[in-house]
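K.L.:
Have a look at the structure that comes next, please.
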Amino acid sequence: MCGERLFSSYAFAGAPSEFLCGLCRRIEPVFERAAAYGSYESGLRELIHLLKYGGVRPAANVLGRMLAEAIAALGSDFPAEPMAVIPVTLHRTKLRQRGFNQAELIARAAIKSSAHAGRLRLCAGVLERKRETASQIGLTSHQRRENLRGAFGVAQPEAVGGREVLVVDDVYTTGATVSECARVLRRAGATKVWVATVARTLKVSAQHMEIGPFDHAGKKLSGVREVPREVPLARAAGG
């Protein structure tokens with residue numbers, strides 16, 4: 001559900017719950033499902049930094065085409081009616097410093113190249129950043145959630161009430177940001193929240209082959225071990 005890549009000989013067998021990663025088994029995400037174009041590393045990371053910190057805006061067009069692929073991974077489950085595309089917003093102080101919201105630029109480019117363009121409507125003013133937050137770099141998952149608690153609000157609830165919406169951002173790290181956005185959007189009346197990002201930080205545990213099986217609580221059954229294995233993480237798509 002969160003878009004984490006599963007490497008398991010048991011991932012496609014047994015009960016439907018066995019499709020879930022350990023975290024999604026323990027804590028069901030607030031959003032419906034998340035997808036990312038690729039792993040947040042190497043050239044993709046450099047390209048995002050080029051836009052985000054270097055101010056090279058044409059990079060948004062390339063990243064937008066990548067985001068469109070992530071959206072396509074979710075698109076078969078989208079409703080027939082038009083869907084609001086909501087970029088994760090920046091606080092006004094950060095927006096003044098940077099001069100643009102990278103998530104919004106990427107979202108605009110993605111909609112133009114998306115196969116679902118006719119059903120996607122950019123709604124950049126729906127989310128608002130109510131307070132400036134400390135940098136998330138170096139924080140644990142719990143610290144990130146606490147740092148973002150109460151940071152977002154919905155400025156245009158009429159745009160989401162009774163509708164499914166798509167939240168987009170550049171990077172999914174622990175999911176704390178998009179989860180908080182999904183929480184306030186659901187509270188404002190959104191029926192479902194989908195998440196698409198350009199990149200996703202994969203957990204270290206995903207670099208090991210999981211030799212199952214697991215029980216329905218996500219606990220590995222006794223007598224089974226994990227075997228370290230080098231696995232290329234070129235792309236992580238939700239599903």
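In the structure tokens, the first chain shown is A, the next is B, and so on; residue numbers restart at 1 for each chain, and ligands run from 1 in the order shown.
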Tell me, counting only C-alpha atoms, for each residue of stretch 158-197 of chain A within 7 Å of stretch 20-31 of chain A, which pair of atoms is nearest and how far apart they are in Å to one decimal, in rows ordered by chain and increasing number, as CSV.

P.N.:
residue,atom,partner,partner_atom,distance
A:Ser179,CA,A:Val30,CA,6.0
A:Ala182,CA,A:Phe31,CA,5.9
A:Arg183,CA,A:Val30,CA,6.2
A:Lys192,CA,A:Phe31,CA,6.8
A:Val193,CA,A:Phe31,CA,4.9
A:Trp194,CA,A:Phe31,CA,5.8

K.L.:
Just the selected residues (N, CA and C atoms), exported as a PDB file, in the first residue's frame, please.

P.N.:
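Written file, part-v8.pdb:
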ATOM      1  N   SER A 179       1.144  11.252   4.656  1.00  0.00           N
ATOM      2  CA  SER A 179       0.152  10.710   5.592  1.00  0.00           C
ATOM      3  C   SER A 179      -0.560  11.829   6.333  1.00  0.00           C
ATOM      4  N   ALA A 182      -2.903  13.402   3.877  1.00  0.00           N
ATOM      5  CA  ALA A 182      -4.062  12.533   3.676  1.00  0.00           C
ATOM      6  C   ALA A 182      -5.009  12.611   4.863  1.00  0.00           C
ATOM      7  N   ARG A 183      -4.451  12.717   6.056  1.00  0.00           N
ATOM      8  CA  ARG A 183      -5.280  12.768   7.275  1.00  0.00           C
ATOM      9  C   ARG A 183      -6.187  14.000   7.258  1.00  0.00           C
ATOM     10  N   LYS A 192     -11.351   9.138  -0.581  1.00  0.00           N
ATOM     11  CA  LYS A 192     -10.110   8.374  -0.697  1.00  0.00           C
ATOM     12  C   LYS A 192      -8.980   9.318  -1.072  1.00  0.00           C
ATOM     13  N   VAL A 193      -7.777   9.005  -0.596  1.00  0.00           N
ATOM     14  CA  VAL A 193      -6.600   9.784  -0.950  1.00  0.00           C
ATOM     15  C   VAL A 193      -5.566   8.838  -1.546  1.00  0.00           C
ATOM     16  N   TRP A 194      -5.140   9.138  -2.766  1.00  0.00           N
ATOM     17  CA  TRP A 194      -4.088   8.388  -3.438  1.00  0.00           C
ATOM     18  C   TRP A 194      -2.812   9.220  -3.388  1.00  0.00           C
TER      19      TRP A 194
END

K.L.:
Apply DSSP to the backbone of this structure and, from stretch 44-151 of chain A, keep only the residues in strand (DSSP E); write these as a ChimeraX atom specification.

P.N.:
/A:83-87,120-122,127-129

K.L.:
Would you kindly return, as a ChimeraX atom specification, each protein, DNA or RNA residue with an atom no farther than 10 Å from any atom of stretch 106-123 of chain A, considering only C-alpha atoms and excluding same-chain residues fewer than 3 positions away?

P.N.:
/A:51,57-72,75-76,78-88,101-103,126-127,156,159-160,165-170,196-198

K.L.:
Which distance in Å separates atom CA of A:Gly125 and atom CA of A:Glu4, to one decimal?

P.N.:
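One can read the atom CA of A:Gly125 to atom CA of A:Glu4 distance as 29.0 Å.
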
K.L.:
Enumerate as a ChimeraX atom specification all residues of stretch 27-67 of chain A assigned to alpha helix (DSSP H) by DSSP on the backbone, naming them with the chain letters and numbers the document uses.

P.N.:
/A:42-52,59-67

K.L.:
Take the residues just selected and output them with N, CA and C atoms as an mmCIF file, in the first residue's frame.

P.N.:
data_model
loop_
_atom_site.group_PDB
_atom_site.id
_atom_site.type_symbol
_atom_site.label_atom_id
_atom_site.label_comp_id
_atom_site.auth_asym_id
_atom_site.auth_seq_id
_atom_site.Cartn_x
_atom_site.Cartn_y
_atom_site.Cartn_z
ATOM 1 N N SER A 42 21.166 8.094 -6.805
ATOM 2 C CA SER A 42 21.926 8.305 -8.037
ATOM 3 C C SER A 42 21.379 9.461 -8.880
ATOM 4 N N GLY A 43 21.170 9.198 -10.183
ATOM 5 C CA GLY A 43 20.769 10.258 -11.107
ATOM 6 C C GLY A 43 19.421 10.866 -10.792
ATOM 7 N N LEU A 44 18.472 10.068 -10.298
ATOM 8 C CA LEU A 44 17.147 10.600 -9.992
ATOM 9 C C LEU A 44 17.227 11.587 -8.831
ATOM 10 N N ARG A 45 18.006 11.244 -7.824
ATOM 11 C CA ARG A 45 18.196 12.147 -6.696
ATOM 12 C C ARG A 45 18.859 13.449 -7.144
ATOM 13 N N GLU A 46 19.855 13.334 -8.005
ATOM 14 C CA GLU A 46 20.550 14.523 -8.509
ATOM 15 C C GLU A 46 19.609 15.411 -9.310
ATOM 16 N N LEU A 47 18.743 14.802 -10.092
ATOM 17 C CA LEU A 47 17.804 15.576 -10.899
ATOM 18 C C LEU A 47 16.811 16.332 -10.015
ATOM 19 N N ILE A 48 16.323 15.679 -8.962
ATOM 20 C CA ILE A 48 15.411 16.347 -8.020
ATOM 21 C C ILE A 48 16.117 17.500 -7.327
ATOM 22 N N HIS A 49 17.369 17.297 -6.917
ATOM 23 C CA HIS A 49 18.134 18.364 -6.261
ATOM 24 C C HIS A 49 18.405 19.525 -7.219
ATOM 25 N N LEU A 50 18.576 19.184 -8.499
ATOM 26 C CA LEU A 50 18.814 20.221 -9.499
ATOM 27 C C LEU A 50 17.647 21.198 -9.541
ATOM 28 N N LEU A 51 16.432 20.671 -9.469
ATOM 29 C CA LEU A 51 15.245 21.516 -9.442
ATOM 30 C C LEU A 51 15.059 22.169 -8.081
ATOM 31 N N LYS A 52 15.110 21.360 -7.037
ATOM 32 C CA LYS A 52 14.738 21.791 -5.696
ATOM 33 C C LYS A 52 15.713 22.808 -5.102
ATOM 34 N N ALA A 59 14.020 21.093 -15.288
ATOM 35 C CA ALA A 59 14.085 19.726 -14.763
ATOM 36 C C ALA A 59 12.697 19.227 -14.360
ATOM 37 N N ALA A 60 11.788 20.161 -14.069
ATOM 38 C CA ALA A 60 10.426 19.782 -13.674
ATOM 39 C C ALA A 60 9.709 19.044 -14.799
ATOM 40 N N ASN A 61 10.036 19.351 -16.043
ATOM 41 C CA ASN A 61 9.380 18.686 -17.170
ATOM 42 C C ASN A 61 9.763 17.209 -17.238
ATOM 43 N N VAL A 62 11.039 16.917 -17.006
ATOM 44 C CA VAL A 62 11.508 15.530 -17.002
ATOM 45 C C VAL A 62 10.905 14.789 -15.813
ATOM 46 N N LEU A 63 10.950 15.422 -14.644
ATOM 47 C CA LEU A 63 10.397 14.803 -13.445
ATOM 48 C C LEU A 63 8.886 14.624 -13.573
ATOM 49 N N GLY A 64 8.245 15.529 -14.288
ATOM 50 C CA GLY A 64 6.803 15.422 -14.503
ATOM 51 C C GLY A 64 6.440 14.191 -15.312
ATOM 52 N N ARG A 65 7.244 13.887 -16.316
ATOM 53 C CA ARG A 65 6.985 12.680 -17.116
ATOM 54 C C ARG A 65 7.174 11.420 -16.262
ATOM 55 N N MET A 66 8.126 11.480 -15.342
ATOM 56 C CA MET A 66 8.331 10.354 -14.425
ATOM 57 C C MET A 66 7.140 10.211 -13.476
ATOM 58 N N LEU A 67 6.668 11.352 -12.959
ATOM 59 C CA LEU A 67 5.510 11.320 -12.068
ATOM 60 C C LEU A 67 4.286 10.777 -12.796
#

K.L.:
Take atom CA of A:Pro157 and atom CA of A:Ala188 and report the distance between them in Å, one decimal.

P.N.:
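According to the coordinates, atom CA of A:Pro157 and atom CA of A:Ala188 are separated by 5.6 Å.
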